[in-house]
>>> print(open('data.cif').read())   # mmCIF, C-alpha atoms
data_entry
#
loop_
_atom_site.label_atom_id
_atom_site.label_comp_id
_atom_site.auth_asym_id
_atom_site.auth_seq_id
_atom_site.Cartn_x
_atom_site.Cartn_y
_atom_site.Cartn_z
CA MET A 1 0.00 0.00 0.00
CA LYS A 2 1.31 3.43 -0.92
CA GLU A 3 1.81 5.81 2.03
CA SER A 4 1.70 9.44 0.87
CA ALA A 5 4.54 11.68 2.08
CA GLY A 6 3.78 14.15 4.86
CA ARG A 7 0.29 12.83 5.52
CA LYS A 8 -0.95 13.19 9.07
CA GLN A 9 -3.33 10.29 9.38
CA SER A 10 -5.25 10.33 12.60
CA GLY A 11 -7.19 7.26 11.52
CA VAL A 12 -10.52 8.98 12.02
CA SER A 13 -10.61 12.58 10.71
CA PRO A 14 -10.85 13.04 6.93
CA CYS A 15 -8.66 15.57 5.09
CA ALA A 16 -10.13 18.98 4.21
CA ALA A 17 -10.90 17.81 0.65
CA CYS A 18 -12.76 14.64 1.65
CA LYS A 19 -14.60 16.56 4.38
CA LEU A 20 -15.83 19.14 1.84
CA LEU A 21 -16.65 16.44 -0.73
CA ARG A 22 -18.34 14.34 1.99
CA ARG A 23 -16.50 11.19 1.07
CA ARG A 24 -14.43 8.61 2.91
CA CYS A 25 -10.78 9.63 3.24
CA SER A 26 -8.76 6.55 2.30
CA GLN A 27 -5.17 5.79 3.30
CA ASP A 28 -4.02 6.59 -0.25
CA CYS A 29 -6.19 9.71 -0.70
CA VAL A 30 -4.38 11.93 -3.23
CA PHE A 31 -5.54 15.13 -1.48
CA ALA A 32 -4.75 14.25 2.14
CA PRO A 33 -0.98 15.10 2.16
CA TYR A 34 -1.66 18.62 0.86
CA PHE A 35 -5.04 19.56 2.30
CA PRO A 36 -5.00 19.01 6.08
CA ALA A 37 -8.29 19.08 7.98
CA ASP A 38 -7.21 22.16 9.96
CA ASP A 39 -6.96 24.35 6.79
CA PRO A 40 -10.33 24.00 5.03
CA HIS A 41 -9.95 27.28 3.02
CA LYS A 42 -6.96 25.89 1.11
CA PHE A 43 -9.07 23.21 -0.56
CA ALA A 44 -12.20 25.34 -0.76
CA SER A 45 -10.51 27.85 -3.10
CA VAL A 46 -8.99 25.28 -5.50
CA HIS A 47 -12.29 23.39 -5.45
CA LYS A 48 -14.20 26.55 -6.39
CA VAL A 49 -11.83 27.50 -9.23
CA PHE A 50 -10.46 24.23 -10.64
CA GLY A 51 -12.94 21.67 -9.34
CA ALA A 52 -12.05 18.65 -7.22
CA SER A 53 -12.01 16.28 -10.18
CA ASN A 54 -9.52 18.43 -12.15
CA VAL A 55 -7.24 18.91 -9.11
CA ASN A 56 -7.34 15.15 -8.54
CA LYS A 57 -6.50 14.49 -12.22
CA MET A 58 -3.69 17.07 -12.30
CA LEU A 59 -2.12 15.63 -9.13
CA GLN A 60 -2.42 12.04 -10.35
CA GLU A 61 -0.57 12.99 -13.55
CA LEU A 62 2.44 14.30 -11.56
CA PRO A 63 5.18 12.41 -9.74
CA GLU A 64 4.73 12.70 -5.95
CA GLN A 65 7.76 14.96 -5.48
CA TRP A 66 6.14 17.69 -7.60
CA ARG A 67 2.66 17.55 -6.13
CA GLY A 68 3.36 19.85 -3.18
CA ASP A 69 4.58 22.64 -5.48
CA ALA A 70 1.69 22.02 -7.88
CA VAL A 71 -0.83 22.34 -5.03
CA ASN A 72 0.80 25.56 -3.78
CA SER A 73 0.72 27.12 -7.25
CA MET A 74 -2.91 26.05 -7.76
CA VAL A 75 -3.88 27.52 -4.37
CA TYR A 76 -2.11 30.78 -5.33
CA GLU A 77 -3.90 30.88 -8.69
CA ALA A 78 -7.26 30.02 -7.15
CA ASN A 79 -6.95 32.74 -4.49
CA ALA A 80 -5.98 35.26 -7.18
CA ARG A 81 -9.08 34.28 -9.20
CA VAL A 82 -11.33 34.55 -6.14
CA ARG A 83 -9.93 38.05 -5.39
CA ASP A 84 -10.09 39.15 -9.04
CA PRO A 85 -12.67 37.08 -10.97
CA VAL A 86 -11.93 38.87 -14.27
CA TYR A 87 -8.14 38.79 -14.46
CA GLY A 88 -6.97 36.40 -11.69
CA CYS A 89 -3.23 35.69 -11.82
CA VAL A 90 -3.01 37.34 -15.23
CA GLY A 91 -3.72 40.70 -13.55
CA ALA A 92 -0.59 40.18 -11.42
CA ILE A 93 1.43 39.21 -14.52
CA SER A 94 0.28 42.32 -16.35
CA SER A 95 1.13 44.54 -13.37
CA LEU A 96 4.61 42.96 -13.01
CA GLN A 97 5.20 43.39 -16.76
CA GLN A 98 4.35 47.10 -16.42
CA GLN A 99 6.81 47.39 -13.51
CA ILE A 100 9.49 45.76 -15.68
CA ASP A 101 8.82 48.17 -18.56
CA LEU A 102 9.11 51.14 -16.17
CA LEU A 103 12.32 49.85 -14.56
CA GLN A 104 13.87 49.14 -17.98
CA THR A 105 13.08 52.71 -19.06
CA GLN A 106 14.51 54.17 -15.83
CA LEU A 107 17.64 52.02 -16.18
CA ALA A 108 18.13 53.04 -19.83
CA ILE A 109 17.81 56.73 -18.85
CA ALA A 110 20.29 56.32 -15.97
CA GLN A 111 22.78 54.49 -18.20
CA ALA A 112 22.47 57.11 -20.96
CA GLU A 113 23.03 59.86 -18.38
CA MET A 114 26.15 58.10 -17.09
CA VAL A 115 27.54 57.75 -20.62
CA HIS A 116 26.81 61.44 -21.19
CA MET A 117 28.60 62.41 -17.95
CA ARG A 118 31.62 60.29 -18.85
CA ILE A 119 31.80 61.78 -22.37
CA ARG A 120 31.60 65.30 -20.92
CA HIS A 121 34.48 64.69 -18.54
CA PHE A 122 36.79 62.37 -20.43
CA SER A 123 36.32 63.03 -24.16
CA PRO A 124 39.19 64.38 -26.38
CA MET A 125 36.86 67.34 -27.09
CA SER A 126 36.69 68.01 -23.39
CA ALA A 127 40.51 67.62 -23.13
CA ALA A 128 40.93 69.95 -26.13
CA ALA A 129 38.68 72.48 -24.42
CA ASP A 130 40.86 72.18 -21.32
CA ASN A 131 44.03 72.67 -23.43
CA THR A 132 42.54 75.73 -25.11
CA ALA A 133 41.80 77.17 -21.71
CA MET A 134 45.36 76.39 -20.64
CA ASP A 135 46.80 77.93 -23.84
CA SER A 136 44.90 81.15 -23.32
CA SER A 137 46.05 81.34 -19.70
CA GLU A 138 49.66 80.79 -20.90
CA ASN A 139 49.14 83.52 -23.50
CA ALA A 140 47.90 85.74 -20.75
CA TYR A 141 51.17 85.17 -18.93
CA ASP A 142 53.11 85.81 -22.18
CA VAL A 143 51.38 89.18 -22.46
CA MET B 144 -34.44 36.97 -25.50
CA LYS B 145 -30.84 37.87 -24.67
CA GLU B 146 -28.51 38.00 -27.68
CA SER B 147 -24.89 37.57 -26.59
CA ALA B 148 -22.40 40.09 -27.98
CA GLY B 149 -20.10 38.97 -30.76
CA ARG B 150 -21.81 35.62 -31.27
CA LYS B 151 -21.72 34.22 -34.76
CA GLN B 152 -24.85 32.18 -34.89
CA SER B 153 -25.10 30.12 -38.02
CA GLY B 154 -28.28 28.52 -36.74
CA VAL B 155 -26.85 25.02 -37.11
CA SER B 156 -23.23 24.70 -35.88
CA PRO B 157 -22.71 24.58 -32.11
CA CYS B 158 -19.95 26.62 -30.42
CA ALA B 159 -16.64 24.89 -29.59
CA ALA B 160 -17.74 24.32 -25.98
CA CYS B 161 -21.08 22.72 -26.82
CA LYS B 162 -19.39 20.64 -29.52
CA LEU B 163 -16.85 19.27 -27.03
CA LEU B 164 -19.52 18.76 -24.36
CA ARG B 165 -21.83 17.17 -26.97
CA ARG B 166 -24.80 19.30 -26.00
CA ARG B 167 -27.27 21.51 -27.85
CA CYS B 168 -25.96 25.05 -28.32
CA SER B 169 -28.83 27.34 -27.38
CA GLN B 170 -29.32 30.95 -28.47
CA ASP B 171 -28.33 32.15 -24.99
CA CYS B 172 -25.39 29.74 -24.55
CA VAL B 173 -22.94 31.43 -22.14
CA PHE B 174 -19.92 29.95 -23.96
CA ALA B 175 -20.84 30.73 -27.57
CA PRO B 176 -19.69 34.39 -27.75
CA TYR B 177 -16.20 33.46 -26.53
CA PHE B 178 -15.59 29.98 -27.88
CA PRO B 179 -16.26 29.95 -31.64
CA ALA B 180 -16.50 26.61 -33.42
CA ASP B 181 -13.42 27.37 -35.52
CA ASP B 182 -11.10 27.54 -32.45
CA PRO B 183 -11.67 24.27 -30.56
CA HIS B 184 -8.32 24.44 -28.67
CA LYS B 185 -9.39 27.58 -26.80
CA PHE B 186 -12.19 25.77 -25.00
CA ALA B 187 -10.31 22.48 -24.74
CA SER B 188 -7.60 24.02 -22.54
CA VAL B 189 -9.96 25.83 -20.13
CA HIS B 190 -12.10 22.70 -20.00
CA LYS B 191 -9.08 20.58 -19.09
CA VAL B 192 -7.84 22.94 -16.37
CA PHE B 193 -10.94 24.61 -14.91
CA GLY B 194 -13.75 22.30 -16.03
CA ALA B 195 -16.74 23.38 -18.10
CA SER B 196 -19.02 23.68 -15.07
CA ASN B 197 -16.61 26.05 -13.27
CA VAL B 198 -16.04 28.19 -16.38
CA ASN B 199 -19.82 28.38 -16.83
CA LYS B 200 -20.31 29.38 -13.16
CA MET B 201 -17.49 31.98 -13.27
CA LEU B 202 -18.92 33.56 -16.43
CA GLN B 203 -22.49 33.60 -15.10
CA GLU B 204 -21.28 35.46 -12.01
CA LEU B 205 -19.79 38.29 -14.12
CA PRO B 206 -21.53 41.12 -15.98
CA GLU B 207 -21.37 40.52 -19.75
CA GLN B 208 -18.90 43.36 -20.41
CA TRP B 209 -16.25 41.58 -18.29
CA ARG B 210 -16.71 38.07 -19.66
CA GLY B 211 -14.45 38.50 -22.69
CA ASP B 212 -11.50 39.57 -20.52
CA ALA B 213 -12.29 36.81 -18.01
CA VAL B 214 -12.26 34.18 -20.79
CA ASN B 215 -8.96 35.52 -22.17
CA SER B 216 -7.30 35.42 -18.76
CA MET B 217 -8.64 31.90 -18.10
CA VAL B 218 -7.35 30.72 -21.49
CA TYR B 219 -3.94 32.26 -20.71
CA GLU B 220 -3.86 30.56 -17.28
CA ALA B 221 -5.02 27.25 -18.68
CA ASN B 222 -2.39 27.26 -21.44
CA ALA B 223 0.29 28.10 -18.86
CA ARG B 224 -0.87 25.16 -16.70
CA VAL B 225 -0.88 22.79 -19.70
CA ARG B 226 2.69 23.88 -20.60
CA ASP B 227 3.89 23.75 -16.97
CA PRO B 228 1.70 21.41 -14.91
CA VAL B 229 3.64 22.10 -11.70
CA TYR B 230 3.87 25.90 -11.62
CA GLY B 231 1.51 27.16 -14.35
CA CYS B 232 1.08 30.94 -14.32
CA VAL B 233 2.86 31.15 -10.98
CA GLY B 234 6.10 30.14 -12.74
CA ALA B 235 5.75 33.23 -14.96
CA ILE B 236 5.03 35.41 -11.90
CA SER B 237 8.11 34.09 -10.13
CA SER B 238 10.29 34.68 -13.21
CA LEU B 239 8.96 38.25 -13.64
CA GLN B 240 9.56 38.93 -9.93
CA GLN B 241 13.18 37.80 -10.37
CA GLN B 242 13.56 40.14 -13.37
CA ILE B 243 12.19 43.01 -11.25
CA ASP B 244 14.65 42.26 -8.41
CA LEU B 245 17.54 42.24 -10.91
CA LEU B 246 16.43 45.49 -12.60
CA GLN B 247 15.95 47.20 -9.20
CA THR B 248 19.49 46.20 -8.21
CA GLN B 249 20.94 47.41 -11.54
CA LEU B 250 19.03 50.71 -11.23
CA ALA B 251 20.20 51.24 -7.64
CA ILE B 252 23.83 50.62 -8.73
CA ALA B 253 23.49 53.03 -11.69
CA GLN B 254 21.90 55.72 -9.49
CA ALA B 255 24.59 55.32 -6.80
CA GLU B 256 27.29 55.60 -9.49
CA MET B 257 25.71 58.80 -10.83
CA VAL B 258 25.57 60.33 -7.34
CA HIS B 259 29.24 59.36 -6.88
CA MET B 260 30.20 60.96 -10.23
CA ARG B 261 28.35 64.16 -9.35
CA ILE B 262 29.97 64.36 -5.91
CA ARG B 263 33.43 63.82 -7.46
CA HIS B 264 32.94 66.65 -9.96
CA PHE B 265 30.92 69.22 -8.06
CA SER B 266 31.76 68.84 -4.36
CA PRO B 267 33.53 71.66 -2.37
CA MET B 268 36.29 69.09 -1.73
CA SER B 269 36.75 68.73 -5.45
CA ALA B 270 36.74 72.55 -5.87
CA ALA B 271 39.27 72.86 -3.01
CA ALA B 272 41.46 70.30 -4.74
CA ASP B 273 41.24 72.39 -7.93
CA ASN B 274 42.15 75.56 -5.97
CA THR B 275 45.14 73.82 -4.37
CA ALA B 276 46.32 72.80 -7.83
CA MET B 277 45.87 76.41 -9.02
CA ASP B 278 47.72 77.76 -5.96
CA SER B 279 50.70 75.51 -6.56
CA SER B 280 50.84 76.51 -10.24
CA GLU B 281 50.76 80.17 -9.17
CA ASN B 282 53.56 79.45 -6.70
CA ALA B 283 55.51 77.89 -9.55
CA TYR B 284 55.26 81.16 -11.46
CA ASP B 285 56.27 83.10 -8.32
CA VAL B 286 59.44 81.04 -8.21
#
>>> encode(input="data.cif", output="C-alpha cells")
Amino acid sequence: MKESAGRKQSGVSPCAACKLLRRRCSQDCVFAPYFPADDPHKFASVHKVFGASNVNKMLQELPEQWRGDAVNSMVYEANARVRDPVYGCVGAISSLQQQIDLLQTQLAIAQAEMVHMRIRHFSPMSAAADNTAMDSSENAYDV
Amino acid sequence: MKESAGRKQSGVSPCAACKLLRRRCSQDCVFAPYFPADDPHKFASVHKVFGASNVNKMLQELPEQWRGDAVNSMVYEANARVRDPVYGCVGAISSLQQQIDLLQTQLAIAQAEMVHMRIRHFSPMSAAADNTAMDSSENAYDV
C-alpha cells in the first residue's frame, strides 16, 4: 500500500478535501498530504476554481515529489481568481510586466546619463577644451 | 431573449464548448460568444484545467462586459498550466519577480554611481582640490 509523504493520518478525521466532498478519506487519498483538515480554506478555493475532479486528475498525472509545489501554485492561482474574478493571476502578470517596462526605461535613462557624464568629462573634445583654456592662460602670462 | 455580444450564430453549428460537451448550443449559450466553433483548442484548454461547469459558473457570475476579458485570462492561465503542470502561471510570476529584483538592483547601482560621479565633480572638496592645484601653479610662477 502506498503511504503518501507528509500525511498526518489520525485514523478517524478526513482531510479537508474529503470533508468538503463528503467522502471517505482513504489511506491513499491523493488530497490528504496537501489539504489538512485544519486548513479548510486551502481546498475550498482550488475546489471553487479548478474543481475537485480536475485537481485530482492534475495531481495524479504528476510524480509525488512535484505535487506539493503544484498544489501551492494552484492555491495561489485560485486565491488570485477569487480576489479578481476577471483577471486572476493574469492581472498580477500584467502589473509585473508594467513594472518591468518602467524599470527598464529608468535604467536606460540612468545608463544614458552616465555615458553622457563620462563623455563630458573624459572626451578628447573636453581635453581639447581644457588645453585651449590652458593655452589662453599661458598667453595671458606671455602678455 | 438575450442576444450575446459577438456571437456568430449560423443557426446550425454549435460553439466549440457545446461541440466538445456534446450538447445543444442554445441561443443564450454562455460559452458561444467566446468559444467559436473554428477555435476548438481555446475551450479544450480551459475545460481541461478549470472544467466546463466552473467556467460556466465563473462567467455567469460576471456582468457581460467583463466576460471576454475573463475568458482571455482563463485561457492564458489554462495554457500556462498545460505547458507547466507544476507551476503554471505562478512560474511566470516568479520569473517576472526575479527580473524586477535584478532590474531594481541594476538601477540602484546606476543611481549610486551617478551620485558618486556628481559628488566627485561638483563637491567643495573637489573645488578645493582644484584651488590647491591652481595655488601651486601660481607658486611655480612666483618662483
>>> resolve_selection(input="data.cif", expression="the PyMOL selection byres ((chain B) within 6 of (chain A))", output="PDB file with C-alpha atoms, keeping the file's coordinate frame")
ATOM      1  CA  PHE B 193     -10.940  24.610 -14.910  1.00  0.00           C
ATOM      2  CA  ALA B 213     -12.290  36.810 -18.010  1.00  0.00           C
ATOM      3  CA  SER B 216      -7.300  35.420 -18.760  1.00  0.00           C
ATOM      4  CA  VAL B 229       3.640  22.100 -11.700  1.00  0.00           C
ATOM      5  CA  TYR B 230       3.870  25.900 -11.620  1.00  0.00           C
ATOM      6  CA  VAL B 233       2.860  31.150 -10.980  1.00  0.00           C
ATOM      7  CA  ILE B 236       5.030  35.410 -11.900  1.00  0.00           C
ATOM      8  CA  ILE B 243      12.190  43.010 -11.250  1.00  0.00           C
ATOM      9  CA  LEU B 250      19.030  50.710 -11.230  1.00  0.00           C
TER      10      LEU B 250
END
>>> atom_distance(input="data.cif", atom1="atom CA of Pro63 of chain A", atom2="atom CA of Val30 of chain A")
11.6 Å
>>> atom_distance(input="data.cif", atom1="atom CA of Ala17 of chain A", atom2="atom CA of Ala221 of chain B")
22.3 Å
>>> atom_distance(input="data.cif", atom1="atom CA of Asn199 of chain B", atom2="atom CA of His41 of chain A")
22.2 Å
>>> residues_around(input="data.cif", residues="Phe178 of chain B", least_positions_apart="4", cutoff="7 Å", atoms="all atoms listed in the file", output="number ranges by chain")
B: 158-160, 174, 182, 185-186
>>> build_atoms(input="data.cif", residues="segment 247-266 of chain B", atoms="N, CA and C atoms", output="PDB file, keeping the file's coordinate frame")
ATOM      1  N   GLN B 247      15.888  46.257 -10.327  1.00  0.00           N
ATOM      2  CA  GLN B 247      15.950  47.200  -9.200  1.00  0.00           C
ATOM      3  C   GLN B 247      17.387  47.319  -8.692  1.00  0.00           C
ATOM      4  N   THR B 248      18.092  46.187  -8.654  1.00  0.00           N
ATOM      5  CA  THR B 248      19.490  46.200  -8.210  1.00  0.00           C
ATOM      6  C   THR B 248      20.333  46.988  -9.210  1.00  0.00           C
ATOM      7  N   GLN B 249      20.163  46.711 -10.500  1.00  0.00           N
ATOM      8  CA  GLN B 249      20.940  47.410 -11.540  1.00  0.00           C
ATOM      9  C   GLN B 249      20.662  48.915 -11.500  1.00  0.00           C
ATOM     10  N   LEU B 250      19.387  49.290 -11.283  1.00  0.00           N
ATOM     11  CA  LEU B 250      19.030  50.710 -11.230  1.00  0.00           C
ATOM     12  C   LEU B 250      19.651  51.375 -10.007  1.00  0.00           C
ATOM     13  N   ALA B 251      19.613  50.681  -8.869  1.00  0.00           N
ATOM     14  CA  ALA B 251      20.200  51.240  -7.640  1.00  0.00           C
ATOM     15  C   ALA B 251      21.699  51.451  -7.833  1.00  0.00           C
ATOM     16  N   ILE B 252      22.378  50.501  -8.478  1.00  0.00           N
ATOM     17  CA  ILE B 252      23.830  50.620  -8.730  1.00  0.00           C
ATOM     18  C   ILE B 252      24.088  51.817  -9.650  1.00  0.00           C
ATOM     19  N   ALA B 253      23.311  51.934 -10.729  1.00  0.00           N
ATOM     20  CA  ALA B 253      23.490  53.030 -11.690  1.00  0.00           C
ATOM     21  C   ALA B 253      23.262  54.378 -11.010  1.00  0.00           C
ATOM     22  N   GLN B 254      22.213  54.449 -10.167  1.00  0.00           N
ATOM     23  CA  GLN B 254      21.900  55.720  -9.490  1.00  0.00           C
ATOM     24  C   GLN B 254      22.993  56.080  -8.484  1.00  0.00           C
ATOM     25  N   ALA B 255      23.512  55.068  -7.765  1.00  0.00           N
ATOM     26  CA  ALA B 255      24.590  55.320  -6.800  1.00  0.00           C
ATOM     27  C   ALA B 255      25.833  55.804  -7.544  1.00  0.00           C
ATOM     28  N   GLU B 256      26.117  55.219  -8.700  1.00  0.00           N
ATOM     29  CA  GLU B 256      27.290  55.600  -9.490  1.00  0.00           C
ATOM     30  C   GLU B 256      27.148  57.046  -9.985  1.00  0.00           C
ATOM     31  N   MET B 257      25.931  57.427 -10.371  1.00  0.00           N
ATOM     32  CA  MET B 257      25.710  58.800 -10.830  1.00  0.00           C
ATOM     33  C   MET B 257      25.917  59.795  -9.705  1.00  0.00           C
ATOM     34  N   VAL B 258      25.388  59.457  -8.514  1.00  0.00           N
ATOM     35  CA  VAL B 258      25.570  60.330  -7.340  1.00  0.00           C
ATOM     36  C   VAL B 258      27.063  60.483  -7.069  1.00  0.00           C
ATOM     37  N   HIS B 259      27.790  59.383  -7.132  1.00  0.00           N
ATOM     38  CA  HIS B 259      29.240  59.360  -6.880  1.00  0.00           C
ATOM     39  C   HIS B 259      29.966  60.250  -7.899  1.00  0.00           C
ATOM     40  N   MET B 260      29.572  60.133  -9.181  1.00  0.00           N
ATOM     41  CA  MET B 260      30.200  60.960 -10.230  1.00  0.00           C
ATOM     42  C   MET B 260      29.941  62.434  -9.985  1.00  0.00           C
ATOM     43  N   ARG B 261      28.695  62.752  -9.601  1.00  0.00           N
ATOM     44  CA  ARG B 261      28.350  64.160  -9.350  1.00  0.00           C
ATOM     45  C   ARG B 261      29.148  64.710  -8.181  1.00  0.00           C
ATOM     46  N   ILE B 262      29.229  63.919  -7.093  1.00  0.00           N
ATOM     47  CA  ILE B 262      29.970  64.360  -5.910  1.00  0.00           C
ATOM     48  C   ILE B 262      31.431  64.615  -6.278  1.00  0.00           C
ATOM     49  N   ARG B 263      32.007  63.711  -7.081  1.00  0.00           N
ATOM     50  CA  ARG B 263      33.430  63.820  -7.460  1.00  0.00           C
ATOM     51  C   ARG B 263      33.684  65.095  -8.266  1.00  0.00           C
ATOM     52  N   HIS B 264      32.692  65.508  -9.075  1.00  0.00           N
ATOM     53  CA  HIS B 264      32.940  66.650  -9.960  1.00  0.00           C
ATOM     54  C   HIS B 264      32.430  67.973  -9.436  1.00  0.00           C
ATOM     55  N   PHE B 265      31.509  67.940  -8.477  1.00  0.00           N
ATOM     56  CA  PHE B 265      30.920  69.220  -8.060  1.00  0.00           C
ATOM     57  C   PHE B 265      30.999  69.473  -6.570  1.00  0.00           C
ATOM     58  N   SER B 266      31.732  68.639  -5.814  1.00  0.00           N
ATOM     59  CA  SER B 266      31.760  68.840  -4.360  1.00  0.00           C
ATOM     60  C   SER B 266      32.732  69.956  -4.012  1.00  0.00           C
TER      61      SER B 266
END
